[in-house]
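Q: Got a structure for you, written out below as structure tokens; questions coming shortly.
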Amino acid sequence: MAGLFSTSPGLLWRRLGHRGAAFAGVLLAAALLFTLSRYAAVDPSGSPSPTYGHRLPTLVDLTLVYGRDAVCLDGTPPGYHFQPGFGDGSHSWLLHLEGGSWCRNFKSCAQRKKTNLGSSAHMDTRVEFVGILSDDESQNPDFYNWNKVKIRYCDGASFSGNVQDEVKNGTGFFFRGQRIWEAVMADLLSKGLSRAKQAFLTGCSAGGLSTYIHCDDFRALLPKTPTVKCLADGGFFLDVEDISGRRYMRGFYNDVARMQDVHKKFPHCSSDMEPGQCFFPREVAKSISTPMFILNPAYDVWQVEHVLSPHGSDPQNLWRNCRMDITKCDTEQLKILQGFRGALLDAIDEFKNRRDWGMFIDSCFIHCQSMKAITWHSPSAARINNKTVAEAVGDWFFDRREVKEIDCEYPCNPTCYNTVLDVPYKED
């Protein structure tokens, strides 16, 4: 394993965060689906969002979108949650694309149809708006009074699939993420988005990947809006070898891309590339012309589990403790994690020179930081150069300063909020 990446570890240092919760699935695809959804959607403890002395988060109702052949995996209509802006934020819009992994075959997509990630019939009719969606100025100082939208994810391919007809395989499947994107945007444009003075497209995890995919599409929908920018949180998934020497995630993306016919979204990809390669942010981002902010932990807990040490790569289960708690990683595992960080820095290096792009790469063991109150902007939030994620993103969006924050190697940052899992995902 030592030869997988070549870099040296730092000294071991421990700072426990909240205890985390992982979801044990029967199949690998189910584990990918539920664990990524869990990391993206809730606090690591699985508890209601903490308020830190402030008022409780606002609950926002679900709106369903009918027509335009835009449907979830099971044929139900897609949806979003919309909270109107107020005051001087009434003409500003922030949209957030929900995350929650992907489905790579009919079996995993069939399981997904029975959840909120494949059917609006299973979606909560009201959800908390926290983190970057909060309307509490103390928790979200720059965007609290904007029009805010959470777009629900129910297509299984980061809003990019576009298969014309229903697919039959024992039961029916609809792979229409692209049409969901188009239908929701049309609905929001009619409700005032078209008159926005500034607009911000964001997304977490698989929704972060969606943000890379649709950033320029979003800009094109708003030709009269002076300021349009994008932020991808925890969405820079890496095309790297896992600890067994195979490229597991590329194979996973190959299956998603072929099943949902996503190659139509990536005309930039060369013919000699595998379809899954075109799905990685490093490739997608090359053609983005709209200002983009890359928010990613250098030691993404989901990627450590599912990209670096996925099912089948660790038959002796030597990585079990390290996957659950970075302070339990041994010297050799820390070397590999430092190499993983190096691979991320290499992948984003070409984007550091784009003057209107920003980035915040901290050294924390976590996944998605914009949709949790504790990691977005709180006394416990991670900081780089004494700036929280919220402060750095606000500085960049409003051009208060250039933001290219790259943290030092773990374990150098004592402000990190690190996930600690109770149990790893189940590997059968």
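Ligands are numbered from 1 in the order shown, chains are lettered A, B, ... in the order of the structure tokens, and residues start at 1 in each chain.
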Once you count only C-alpha atoms, what closest atom pair and distance in Å to one decimal does each residue of range 346-379 of chain A within 12 Å of range 333-342 of chain A have, with rows by chain and rising residue number, as a Markdown table?

A:
```
| residue | atom | partner | partner_atom | distance |
| --- | --- | --- | --- | --- |
| A:Asp346 | CA | A:Gly342 | CA | 6.1 |
| A:Ala347 | CA | A:Gly342 | CA | 8.6 |
| A:Ile348 | CA | A:Gly342 | CA | 10.0 |
| A:Asp349 | CA | A:Gly342 | CA | 10.3 |
| A:Ile361 | CA | A:Arg341 | CA | 9.6 |
| A:Asp362 | CA | A:Arg341 | CA | 10.1 |
| A:Ser363 | CA | A:Arg341 | CA | 8.6 |
| A:Cys364 | CA | A:Arg341 | CA | 10.8 |
| A:Phe365 | CA | A:Leu337 | CA | 10.5 |
```

Q: Selection from above, N, CA, C and O atoms, as a PDB file, in the first residue's frame, can you write it?

A:
```pdb
ATOM      1  N   ASP A 346      -3.440  18.055  -6.779  1.00  0.00           N
ATOM      2  CA  ASP A 346      -3.009  17.966  -8.172  1.00  0.00           C
ATOM      3  C   ASP A 346      -4.177  18.194  -9.125  1.00  0.00           C
ATOM      4  O   ASP A 346      -4.045  18.880 -10.147  1.00  0.00           O
ATOM      5  N   ALA A 347      -5.331  17.607  -8.774  1.00  0.00           N
ATOM      6  CA  ALA A 347      -6.506  17.693  -9.655  1.00  0.00           C
ATOM      7  C   ALA A 347      -7.047  19.107  -9.752  1.00  0.00           C
ATOM      8  O   ALA A 347      -7.566  19.513 -10.802  1.00  0.00           O
ATOM      9  N   ILE A 348      -6.959  19.872  -8.674  1.00  0.00           N
ATOM     10  CA  ILE A 348      -7.507  21.238  -8.700  1.00  0.00           C
ATOM     11  C   ILE A 348      -6.463  22.282  -9.059  1.00  0.00           C
ATOM     12  O   ILE A 348      -6.797  23.468  -9.192  1.00  0.00           O
ATOM     13  N   ASP A 349      -5.213  21.861  -9.239  1.00  0.00           N
ATOM     14  CA  ASP A 349      -4.128  22.817  -9.475  1.00  0.00           C
ATOM     15  C   ASP A 349      -4.383  23.709 -10.687  1.00  0.00           C
ATOM     16  O   ASP A 349      -4.117  24.917 -10.646  1.00  0.00           O
ATOM     17  N   ILE A 361     -10.046  24.346   0.816  1.00  0.00           N
ATOM     18  CA  ILE A 361      -9.698  22.936   0.973  1.00  0.00           C
ATOM     19  C   ILE A 361      -9.143  22.757   2.378  1.00  0.00           C
ATOM     20  O   ILE A 361      -7.967  23.033   2.635  1.00  0.00           O
ATOM     21  N   ASP A 362      -9.982  22.349   3.317  1.00  0.00           N
ATOM     22  CA  ASP A 362      -9.510  22.183   4.688  1.00  0.00           C
ATOM     23  C   ASP A 362      -9.009  20.760   4.920  1.00  0.00           C
ATOM     24  O   ASP A 362      -9.147  19.878   4.066  1.00  0.00           O
ATOM     25  N   SER A 363      -8.406  20.539   6.056  1.00  0.00           N
ATOM     26  CA  SER A 363      -7.789  19.250   6.377  1.00  0.00           C
ATOM     27  C   SER A 363      -8.650  18.430   7.335  1.00  0.00           C
ATOM     28  O   SER A 363      -8.132  17.720   8.197  1.00  0.00           O
ATOM     29  N   CYS A 364      -9.951  18.513   7.143  1.00  0.00           N
ATOM     30  CA  CYS A 364     -10.878  17.840   8.040  1.00  0.00           C
ATOM     31  C   CYS A 364     -11.354  16.508   7.455  1.00  0.00           C
ATOM     32  O   CYS A 364     -11.295  16.284   6.258  1.00  0.00           O
ATOM     33  N   PHE A 365     -11.824  15.638   8.324  1.00  0.00           N
ATOM     34  CA  PHE A 365     -12.344  14.319   7.974  1.00  0.00           C
ATOM     35  C   PHE A 365     -13.861  14.418   8.036  1.00  0.00           C
ATOM     36  O   PHE A 365     -14.490  14.150   9.056  1.00  0.00           O
TER      37      PHE A 365
END
```

Q: Out of range 163-248 of chain A, which residues get alpha helix (DSSP H) from DSSP, as a PDB file with all heavy atoms, in the first residue's frame?

A:
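Result file states38.pdb:
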```pdb
ATOM      1  N   GLY A 177     -32.978  12.934 -15.421  1.00  0.00           N
ATOM      2  CA  GLY A 177     -32.440  14.002 -14.584  1.00  0.00           C
ATOM      3  C   GLY A 177     -32.270  15.319 -15.308  1.00  0.00           C
ATOM      4  O   GLY A 177     -32.498  16.387 -14.739  1.00  0.00           O
ATOM      5  N   GLN A 178     -31.857  15.273 -16.563  1.00  0.00           N
ATOM      6  CA  GLN A 178     -31.703  16.500 -17.338  1.00  0.00           C
ATOM      7  C   GLN A 178     -33.038  17.215 -17.479  1.00  0.00           C
ATOM      8  O   GLN A 178     -33.125  18.438 -17.350  1.00  0.00           O
ATOM      9  CB  GLN A 178     -31.115  16.181 -18.721  1.00  0.00           C
ATOM     10  CG  GLN A 178     -31.021  17.373 -19.669  1.00  0.00           C
ATOM     11  CD  GLN A 178     -30.058  18.452 -19.198  1.00  0.00           C
ATOM     12  OE1 GLN A 178     -29.072  18.161 -18.519  1.00  0.00           O
ATOM     13  NE2 GLN A 178     -30.333  19.696 -19.550  1.00  0.00           N
ATOM     14  N   ARG A 179     -34.091  16.455 -17.713  1.00  0.00           N
ATOM     15  CA  ARG A 179     -35.410  17.077 -17.850  1.00  0.00           C
ATOM     16  C   ARG A 179     -35.934  17.590 -16.510  1.00  0.00           C
ATOM     17  O   ARG A 179     -36.679  18.575 -16.463  1.00  0.00           O
ATOM     18  CB  ARG A 179     -36.383  16.076 -18.484  1.00  0.00           C
ATOM     19  CG  ARG A 179     -36.290  16.099 -20.016  1.00  0.00           C
ATOM     20  CD  ARG A 179     -37.210  15.104 -20.663  1.00  0.00           C
ATOM     21  NE  ARG A 179     -36.542  13.829 -20.861  1.00  0.00           N
ATOM     22  CZ  ARG A 179     -37.093  12.808 -21.509  1.00  0.00           C
ATOM     23  NH1 ARG A 179     -38.323  12.921 -21.998  1.00  0.00           N
ATOM     24  NH2 ARG A 179     -36.426  11.686 -21.656  1.00  0.00           N
ATOM     25  N   ILE A 180     -35.550  16.939 -15.418  1.00  0.00           N
ATOM     26  CA  ILE A 180     -35.897  17.471 -14.096  1.00  0.00           C
ATOM     27  C   ILE A 180     -35.244  18.836 -13.909  1.00  0.00           C
ATOM     28  O   ILE A 180     -35.888  19.805 -13.467  1.00  0.00           O
ATOM     29  CB  ILE A 180     -35.461  16.497 -12.979  1.00  0.00           C
ATOM     30  CG1 ILE A 180     -36.314  15.224 -13.017  1.00  0.00           C
ATOM     31  CG2 ILE A 180     -35.563  17.177 -11.612  1.00  0.00           C
ATOM     32  CD1 ILE A 180     -35.849  14.157 -12.036  1.00  0.00           C
ATOM     33  N   TRP A 181     -33.969  18.929 -14.235  1.00  0.00           N
ATOM     34  CA  TRP A 181     -33.264  20.209 -14.156  1.00  0.00           C
ATOM     35  C   TRP A 181     -34.001  21.273 -14.967  1.00  0.00           C
ATOM     36  O   TRP A 181     -34.267  22.379 -14.475  1.00  0.00           O
ATOM     37  CB  TRP A 181     -31.837  20.051 -14.656  1.00  0.00           C
ATOM     38  CG  TRP A 181     -31.158  21.338 -15.025  1.00  0.00           C
ATOM     39  CD1 TRP A 181     -31.069  21.890 -16.273  1.00  0.00           C
ATOM     40  CD2 TRP A 181     -30.498  22.262 -14.150  1.00  0.00           C
ATOM     41  NE1 TRP A 181     -30.386  23.083 -16.240  1.00  0.00           N
ATOM     42  CE2 TRP A 181     -30.037  23.336 -14.936  1.00  0.00           C
ATOM     43  CE3 TRP A 181     -30.249  22.270 -12.777  1.00  0.00           C
ATOM     44  CZ2 TRP A 181     -29.335  24.406 -14.390  1.00  0.00           C
ATOM     45  CZ3 TRP A 181     -29.553  23.349 -12.233  1.00  0.00           C
ATOM     46  CH2 TRP A 181     -29.115  24.392 -13.032  1.00  0.00           C
ATOM     47  N   GLU A 182     -34.337  20.974 -16.195  1.00  0.00           N
ATOM     48  CA  GLU A 182     -34.988  21.944 -17.075  1.00  0.00           C
ATOM     49  C   GLU A 182     -36.369  22.346 -16.553  1.00  0.00           C
ATOM     50  O   GLU A 182     -36.728  23.527 -16.584  1.00  0.00           O
ATOM     51  CB  GLU A 182     -35.105  21.360 -18.485  1.00  0.00           C
ATOM     52  CG  GLU A 182     -33.755  21.184 -19.180  1.00  0.00           C
ATOM     53  CD  GLU A 182     -33.843  20.372 -20.459  1.00  0.00           C
ATOM     54  OE1 GLU A 182     -34.962  19.911 -20.806  1.00  0.00           O
ATOM     55  OE2 GLU A 182     -32.797  20.179 -21.116  1.00  0.00           O
ATOM     56  N   ALA A 183     -37.136  21.385 -16.050  1.00  0.00           N
ATOM     57  CA  ALA A 183     -38.489  21.679 -15.565  1.00  0.00           C
ATOM     58  C   ALA A 183     -38.454  22.534 -14.300  1.00  0.00           C
ATOM     59  O   ALA A 183     -39.232  23.492 -14.158  1.00  0.00           O
ATOM     60  CB  ALA A 183     -39.240  20.382 -15.302  1.00  0.00           C
ATOM     61  N   VAL A 184     -37.571  22.215 -13.380  1.00  0.00           N
ATOM     62  CA  VAL A 184     -37.469  22.993 -12.147  1.00  0.00           C
ATOM     63  C   VAL A 184     -36.977  24.409 -12.450  1.00  0.00           C
ATOM     64  O   VAL A 184     -37.501  25.393 -11.899  1.00  0.00           O
ATOM     65  CB  VAL A 184     -36.552  22.286 -11.135  1.00  0.00           C
ATOM     66  CG1 VAL A 184     -36.258  23.196  -9.947  1.00  0.00           C
ATOM     67  CG2 VAL A 184     -37.183  20.985 -10.655  1.00  0.00           C
ATOM     68  N   MET A 185     -35.998  24.530 -13.326  1.00  0.00           N
ATOM     69  CA  MET A 185     -35.513  25.862 -13.685  1.00  0.00           C
ATOM     70  C   MET A 185     -36.627  26.689 -14.329  1.00  0.00           C
ATOM     71  O   MET A 185     -36.788  27.879 -14.015  1.00  0.00           O
ATOM     72  CB  MET A 185     -34.323  25.753 -14.635  1.00  0.00           C
ATOM     73  CG  MET A 185     -33.041  25.234 -14.021  1.00  0.00           C
ATOM     74  SD  MET A 185     -32.434  26.212 -12.623  1.00  0.00           S
ATOM     75  CE  MET A 185     -32.799  25.062 -11.276  1.00  0.00           C
ATOM     76  N   ALA A 186     -37.401  26.093 -15.222  1.00  0.00           N
ATOM     77  CA  ALA A 186     -38.498  26.821 -15.871  1.00  0.00           C
ATOM     78  C   ALA A 186     -39.502  27.312 -14.835  1.00  0.00           C
ATOM     79  O   ALA A 186     -39.995  28.449 -14.906  1.00  0.00           O
ATOM     80  CB  ALA A 186     -39.182  25.919 -16.904  1.00  0.00           C
ATOM     81  N   ASP A 187     -39.800  26.466 -13.849  1.00  0.00           N
ATOM     82  CA  ASP A 187     -40.757  26.841 -12.807  1.00  0.00           C
ATOM     83  C   ASP A 187     -40.210  27.995 -11.967  1.00  0.00           C
ATOM     84  O   ASP A 187     -40.938  28.952 -11.657  1.00  0.00           O
ATOM     85  CB  ASP A 187     -41.050  25.624 -11.938  1.00  0.00           C
ATOM     86  CG  ASP A 187     -42.397  25.721 -11.229  1.00  0.00           C
ATOM     87  OD1 ASP A 187     -43.406  25.961 -11.923  1.00  0.00           O
ATOM     88  OD2 ASP A 187     -42.429  25.555  -9.998  1.00  0.00           O
ATOM     89  N   LEU A 188     -38.940  27.923 -11.614  1.00  0.00           N
ATOM     90  CA  LEU A 188     -38.350  28.976 -10.790  1.00  0.00           C
ATOM     91  C   LEU A 188     -38.178  30.285 -11.558  1.00  0.00           C
ATOM     92  O   LEU A 188     -38.354  31.374 -10.994  1.00  0.00           O
ATOM     93  CB  LEU A 188     -37.006  28.505 -10.233  1.00  0.00           C
ATOM     94  CG  LEU A 188     -37.064  27.331  -9.248  1.00  0.00           C
ATOM     95  CD1 LEU A 188     -35.662  26.879  -8.878  1.00  0.00           C
ATOM     96  CD2 LEU A 188     -37.854  27.718  -7.996  1.00  0.00           C
ATOM     97  N   LEU A 189     -37.848  30.184 -12.831  1.00  0.00           N
ATOM     98  CA  LEU A 189     -37.740  31.403 -13.640  1.00  0.00           C
ATOM     99  C   LEU A 189     -39.055  32.157 -13.665  1.00  0.00           C
ATOM    100  O   LEU A 189     -39.090  33.382 -13.597  1.00  0.00           O
ATOM    101  CB  LEU A 189     -37.309  31.040 -15.069  1.00  0.00           C
ATOM    102  CG  LEU A 189     -35.842  30.619 -15.247  1.00  0.00           C
ATOM    103  CD1 LEU A 189     -35.639  30.009 -16.628  1.00  0.00           C
ATOM    104  CD2 LEU A 189     -34.899  31.812 -15.052  1.00  0.00           C
ATOM    105  N   SER A 190     -40.157  31.416 -13.713  1.00  0.00           N
ATOM    106  CA  SER A 190     -41.485  32.052 -13.741  1.00  0.00           C
ATOM    107  C   SER A 190     -41.871  32.647 -12.393  1.00  0.00           C
ATOM    108  O   SER A 190     -42.778  33.473 -12.314  1.00  0.00           O
ATOM    109  CB  SER A 190     -42.546  31.027 -14.163  1.00  0.00           C
ATOM    110  OG  SER A 190     -42.769  30.070 -13.142  1.00  0.00           O
ATOM    111  N   ALA A 206     -23.216  14.455  -4.410  1.00  0.00           N
ATOM    112  CA  ALA A 206     -23.676  14.211  -5.784  1.00  0.00           C
ATOM    113  C   ALA A 206     -24.312  15.469  -6.351  1.00  0.00           C
ATOM    114  O   ALA A 206     -24.294  15.695  -7.563  1.00  0.00           O
ATOM    115  CB  ALA A 206     -24.664  13.050  -5.825  1.00  0.00           C
ATOM    116  N   GLY A 207     -24.873  16.311  -5.480  1.00  0.00           N
ATOM    117  CA  GLY A 207     -25.383  17.615  -5.910  1.00  0.00           C
ATOM    118  C   GLY A 207     -24.263  18.586  -6.220  1.00  0.00           C
ATOM    119  O   GLY A 207     -24.426  19.498  -7.026  1.00  0.00           O
ATOM    120  N   GLY A 208     -23.101  18.399  -5.577  1.00  0.00           N
ATOM    121  CA  GLY A 208     -21.923  19.185  -5.937  1.00  0.00           C
ATOM    122  C   GLY A 208     -21.443  18.844  -7.331  1.00  0.00           C
ATOM    123  O   GLY A 208     -21.093  19.725  -8.119  1.00  0.00           O
ATOM    124  N   LEU A 209     -21.436  17.548  -7.656  1.00  0.00           N
ATOM    125  CA  LEU A 209     -21.121  17.138  -9.024  1.00  0.00           C
ATOM    126  C   LEU A 209     -22.124  17.745  -9.995  1.00  0.00           C
ATOM    127  O   LEU A 209     -21.753  18.229 -11.074  1.00  0.00           O
ATOM    128  CB  LEU A 209     -21.133  15.615  -9.133  1.00  0.00           C
ATOM    129  CG  LEU A 209     -20.960  15.027 -10.533  1.00  0.00           C
ATOM    130  CD1 LEU A 209     -19.669  15.494 -11.191  1.00  0.00           C
ATOM    131  CD2 LEU A 209     -21.008  13.502 -10.468  1.00  0.00           C
ATOM    132  N   SER A 210     -23.409  17.760  -9.624  1.00  0.00           N
ATOM    133  CA  SER A 210     -24.439  18.383 -10.463  1.00  0.00           C
ATOM    134  C   SER A 210     -24.146  19.852 -10.712  1.00  0.00           C
ATOM    135  O   SER A 210     -24.420  20.381 -11.793  1.00  0.00           O
ATOM    136  CB  SER A 210     -25.817  18.266  -9.795  1.00  0.00           C
ATOM    137  OG  SER A 210     -26.150  16.942  -9.489  1.00  0.00           O
ATOM    138  N   THR A 211     -23.580  20.516  -9.704  1.00  0.00           N
ATOM    139  CA  THR A 211     -23.268  21.935  -9.844  1.00  0.00           C
ATOM    140  C   THR A 211     -22.176  22.157 -10.884  1.00  0.00           C
ATOM    141  O   THR A 211     -22.255  23.090 -11.693  1.00  0.00           O
ATOM    142  CB  THR A 211     -22.854  22.523  -8.484  1.00  0.00           C
ATOM    143  OG1 THR A 211     -23.881  22.279  -7.530  1.00  0.00           O
ATOM    144  CG2 THR A 211     -22.635  24.023  -8.592  1.00  0.00           C
ATOM    145  N   TYR A 212     -21.161  21.300 -10.879  1.00  0.00           N
ATOM    146  CA  TYR A 212     -20.149  21.382 -11.941  1.00  0.00           C
ATOM    147  C   TYR A 212     -20.799  21.162 -13.305  1.00  0.00           C
ATOM    148  O   TYR A 212     -20.521  21.880 -14.275  1.00  0.00           O
ATOM    149  CB  TYR A 212     -19.057  20.330 -11.738  1.00  0.00           C
ATOM    150  CG  TYR A 212     -18.134  20.580 -10.578  1.00  0.00           C
ATOM    151  CD1 TYR A 212     -18.151  19.735  -9.470  1.00  0.00           C
ATOM    152  CD2 TYR A 212     -17.240  21.644 -10.581  1.00  0.00           C
ATOM    153  CE1 TYR A 212     -17.294  19.940  -8.393  1.00  0.00           C
ATOM    154  CE2 TYR A 212     -16.391  21.859  -9.515  1.00  0.00           C
ATOM    155  CZ  TYR A 212     -16.420  21.010  -8.416  1.00  0.00           C
ATOM    156  OH  TYR A 212     -15.569  21.229  -7.349  1.00  0.00           O
ATOM    157  N   ILE A 213     -21.680  20.174 -13.384  1.00  0.00           N
ATOM    158  CA  ILE A 213     -22.308  19.815 -14.655  1.00  0.00           C
ATOM    159  C   ILE A 213     -23.195  20.938 -15.190  1.00  0.00           C
ATOM    160  O   ILE A 213     -23.206  21.222 -16.394  1.00  0.00           O
ATOM    161  CB  ILE A 213     -23.132  18.519 -14.497  1.00  0.00           C
ATOM    162  CG1 ILE A 213     -22.197  17.324 -14.237  1.00  0.00           C
ATOM    163  CG2 ILE A 213     -23.999  18.252 -15.729  1.00  0.00           C
ATOM    164  CD1 ILE A 213     -22.920  16.050 -13.824  1.00  0.00           C
ATOM    165  N   HIS A 214     -23.915  21.632 -14.304  1.00  0.00           N
ATOM    166  CA  HIS A 214     -24.934  22.590 -14.748  1.00  0.00           C
ATOM    167  C   HIS A 214     -24.571  24.054 -14.536  1.00  0.00           C
ATOM    168  O   HIS A 214     -25.390  24.941 -14.804  1.00  0.00           O
ATOM    169  CB  HIS A 214     -26.268  22.300 -14.041  1.00  0.00           C
ATOM    170  CG  HIS A 214     -26.946  21.056 -14.527  1.00  0.00           C
ATOM    171  ND1 HIS A 214     -27.490  20.957 -15.789  1.00  0.00           N
ATOM    172  CD2 HIS A 214     -27.160  19.859 -13.915  1.00  0.00           C
ATOM    173  CE1 HIS A 214     -28.029  19.753 -15.945  1.00  0.00           C
ATOM    174  NE2 HIS A 214     -27.836  19.063 -14.836  1.00  0.00           N
ATOM    175  N   CYS A 215     -23.374  24.334 -14.070  1.00  0.00           N
ATOM    176  CA  CYS A 215     -23.015  25.719 -13.760  1.00  0.00           C
ATOM    177  C   CYS A 215     -23.189  26.647 -14.964  1.00  0.00           C
ATOM    178  O   CYS A 215     -23.836  27.700 -14.869  1.00  0.00           O
ATOM    179  CB  CYS A 215     -21.584  25.774 -13.237  1.00  0.00           C
ATOM    180  SG  CYS A 215     -21.064  27.422 -12.698  1.00  0.00           S
ATOM    181  N   ASP A 216     -22.620  26.286 -16.094  1.00  0.00           N
ATOM    182  CA  ASP A 216     -22.755  27.135 -17.284  1.00  0.00           C
ATOM    183  C   ASP A 216     -24.185  27.153 -17.813  1.00  0.00           C
ATOM    184  O   ASP A 216     -24.635  28.164 -18.381  1.00  0.00           O
ATOM    185  CB  ASP A 216     -21.798  26.666 -18.379  1.00  0.00           C
ATOM    186  CG  ASP A 216     -20.363  27.150 -18.149  1.00  0.00           C
ATOM    187  OD1 ASP A 216     -20.147  28.006 -17.267  1.00  0.00           O
ATOM    188  OD2 ASP A 216     -19.460  26.661 -18.855  1.00  0.00           O
ATOM    189  N   ASP A 217     -24.931  26.056 -17.636  1.00  0.00           N
ATOM    190  CA  ASP A 217     -26.348  26.040 -18.015  1.00  0.00           C
ATOM    191  C   ASP A 217     -27.108  27.088 -17.204  1.00  0.00           C
ATOM    192  O   ASP A 217     -27.975  27.796 -17.727  1.00  0.00           O
ATOM    193  CB  ASP A 217     -26.972  24.660 -17.737  1.00  0.00           C
ATOM    194  CG  ASP A 217     -26.351  23.552 -18.558  1.00  0.00           C
ATOM    195  OD1 ASP A 217     -25.761  23.845 -19.611  1.00  0.00           O
ATOM    196  OD2 ASP A 217     -26.462  22.377 -18.142  1.00  0.00           O
ATOM    197  N   PHE A 218     -26.791  27.162 -15.921  1.00  0.00           N
ATOM    198  CA  PHE A 218     -27.433  28.126 -15.028  1.00  0.00           C
ATOM    199  C   PHE A 218     -27.142  29.553 -15.473  1.00  0.00           C
ATOM    200  O   PHE A 218     -28.045  30.394 -15.556  1.00  0.00           O
ATOM    201  CB  PHE A 218     -26.931  27.885 -13.606  1.00  0.00           C
ATOM    202  CG  PHE A 218     -27.623  28.689 -12.540  1.00  0.00           C
ATOM    203  CD1 PHE A 218     -28.988  28.565 -12.327  1.00  0.00           C
ATOM    204  CD2 PHE A 218     -26.898  29.553 -11.731  1.00  0.00           C
ATOM    205  CE1 PHE A 218     -29.620  29.285 -11.324  1.00  0.00           C
ATOM    206  CE2 PHE A 218     -27.520  30.278 -10.736  1.00  0.00           C
ATOM    207  CZ  PHE A 218     -28.891  30.149 -10.530  1.00  0.00           C
ATOM    208  N   ARG A 219     -25.893  29.829 -15.795  1.00  0.00           N
ATOM    209  CA  ARG A 219     -25.499  31.145 -16.289  1.00  0.00           C
ATOM    210  C   ARG A 219     -26.273  31.507 -17.560  1.00  0.00           C
ATOM    211  O   ARG A 219     -26.767  32.637 -17.703  1.00  0.00           O
ATOM    212  CB  ARG A 219     -23.995  31.139 -16.544  1.00  0.00           C
ATOM    213  CG  ARG A 219     -23.428  32.278 -17.371  1.00  0.00           C
ATOM    214  CD  ARG A 219     -23.320  33.577 -16.608  1.00  0.00           C
ATOM    215  NE  ARG A 219     -24.523  34.401 -16.697  1.00  0.00           N
ATOM    216  CZ  ARG A 219     -24.652  35.622 -16.210  1.00  0.00           C
ATOM    217  NH1 ARG A 219     -23.645  36.198 -15.567  1.00  0.00           N
ATOM    218  NH2 ARG A 219     -25.767  36.304 -16.334  1.00  0.00           N
ATOM    219  N   ALA A 220     -26.443  30.529 -18.458  1.00  0.00           N
ATOM    220  CA  ALA A 220     -27.128  30.783 -19.728  1.00  0.00           C
ATOM    221  C   ALA A 220     -28.606  31.098 -19.540  1.00  0.00           C
ATOM    222  O   ALA A 220     -29.211  31.800 -20.368  1.00  0.00           O
ATOM    223  CB  ALA A 220     -26.970  29.569 -20.649  1.00  0.00           C
ATOM    224  N   LEU A 221     -29.199  30.609 -18.459  1.00  0.00           N
ATOM    225  CA  LEU A 221     -30.617  30.871 -18.183  1.00  0.00           C
ATOM    226  C   LEU A 221     -30.856  32.296 -17.694  1.00  0.00           C
ATOM    227  O   LEU A 221     -32.002  32.762 -17.685  1.00  0.00           O
ATOM    228  CB  LEU A 221     -31.130  29.897 -17.117  1.00  0.00           C
ATOM    229  CG  LEU A 221     -31.279  28.435 -17.525  1.00  0.00           C
ATOM    230  CD1 LEU A 221     -31.579  27.581 -16.293  1.00  0.00           C
ATOM    231  CD2 LEU A 221     -32.387  28.275 -18.566  1.00  0.00           C
ATOM    232  N   TYR A 248     -11.848   1.765  -8.773  1.00  0.00           N
ATOM    233  CA  TYR A 248     -13.217   1.353  -8.481  1.00  0.00           C
ATOM    234  C   TYR A 248     -14.233   2.413  -8.895  1.00  0.00           C
ATOM    235  O   TYR A 248     -15.254   2.117  -9.519  1.00  0.00           O
ATOM    236  CB  TYR A 248     -13.370   1.037  -6.988  1.00  0.00           C
ATOM    237  CG  TYR A 248     -14.790   0.774  -6.601  1.00  0.00           C
ATOM    238  CD1 TYR A 248     -15.364  -0.472  -6.798  1.00  0.00           C
ATOM    239  CD2 TYR A 248     -15.597   1.785  -6.062  1.00  0.00           C
ATOM    240  CE1 TYR A 248     -16.685  -0.711  -6.473  1.00  0.00           C
ATOM    241  CE2 TYR A 248     -16.909   1.563  -5.738  1.00  0.00           C
ATOM    242  CZ  TYR A 248     -17.452   0.306  -5.940  1.00  0.00           C
ATOM    243  OH  TYR A 248     -18.770   0.081  -5.631  1.00  0.00           O
TER     244      TYR A 248
END
```

Q: What is the CA of Arg55 in chain A to CA of Glu128 in chain A distance in Å?

A: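 These two atoms are separated by 12.2 Å.
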
Q: Could you give me, as a list of chain:residue names, the residues within 10 Å of range 120-126 of chain A, counting only C-alpha atoms and dropping anything in the same chain fewer than 5 positions from it?

A: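 These residues fall inside the cut-off: A:Thr58, A:Leu59, A:Val60, A:Asp61, A:Leu62, A:Thr63, A:Leu64, A:Val71, A:Cys72, A:Leu73, A:Asp74, A:Gly75, A:Thr76, A:Pro77, A:Pro78, A:Gly79, A:Tyr80, A:His81, A:Lys113, A:Lys114, A:Thr115, A:Arg152, A:Tyr153, A:Cys154.
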
Q: Using only C-alpha atoms, what does the table of range 95-169 of chain A residues within 7 Å of range 191-204 of chain A look like, with each row giving the shortest atom pair and its distance in Å to one decimal, sorted by chain and ascending number, as a Markdown table?

A:
```
| residue | atom | partner | partner_atom | distance |
| --- | --- | --- | --- | --- |
| A:Leu95 | CA | A:Leu201 | CA | 4.9 |
| A:His96 | CA | A:Thr202 | CA | 4.6 |
| A:Leu97 | CA | A:Gly203 | CA | 4.3 |
| A:Glu98 | CA | A:Gly203 | CA | 6.1 |
| A:Gly99 | CA | A:Cys204 | CA | 5.4 |
```

Q: For the structure I just gave you, how does DSSP split range 180-412 of chain A - specifically, which residues are strand (DSSP E)? Reply as a ChimeraX atom specification.

A: /A:198-204,227-233,292-297,358-362,404-406

Q: Provide the CA of Gly394 in chain A to CA of Val420 in chain A distance in Å, to one decimal place.

A: 28.6 Å

Q: Using only C-alpha atoms, can you tell me which of A:Cys368, A:Ser158, A:Trp396, A:Pro297 comes closest to Cys416 in chain A?

A: A:Pro297

Q: List the neighbours of range 260-277 of chain A out to 6 Å using only C-alpha atoms; skip same-chain residues closer than 4 positions along the sequence, and give me the result as a ChimeraX atom specification.

A: /A:160-161,175,250,253-254

Q: Can those selected residues be exported to a file as a compact mmCIF listing (two decimals), in the first residue's frame so that it contains C-alpha atoms?

A:
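File produced: result.txt:
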```txt
# COMPACT_ATOMS: atom_id res chain seq x y z
CA SER A 160 -27.79 14.49 -16.01
CA GLY A 161 -29.51 11.36 -17.35
CA PHE A 175 -33.81 8.24 -16.34
CA ARG A 250 -14.30 4.92 -12.53
CA TYR A 253 -19.28 5.91 -12.96
CA ASN A 254 -18.98 3.87 -16.17
```
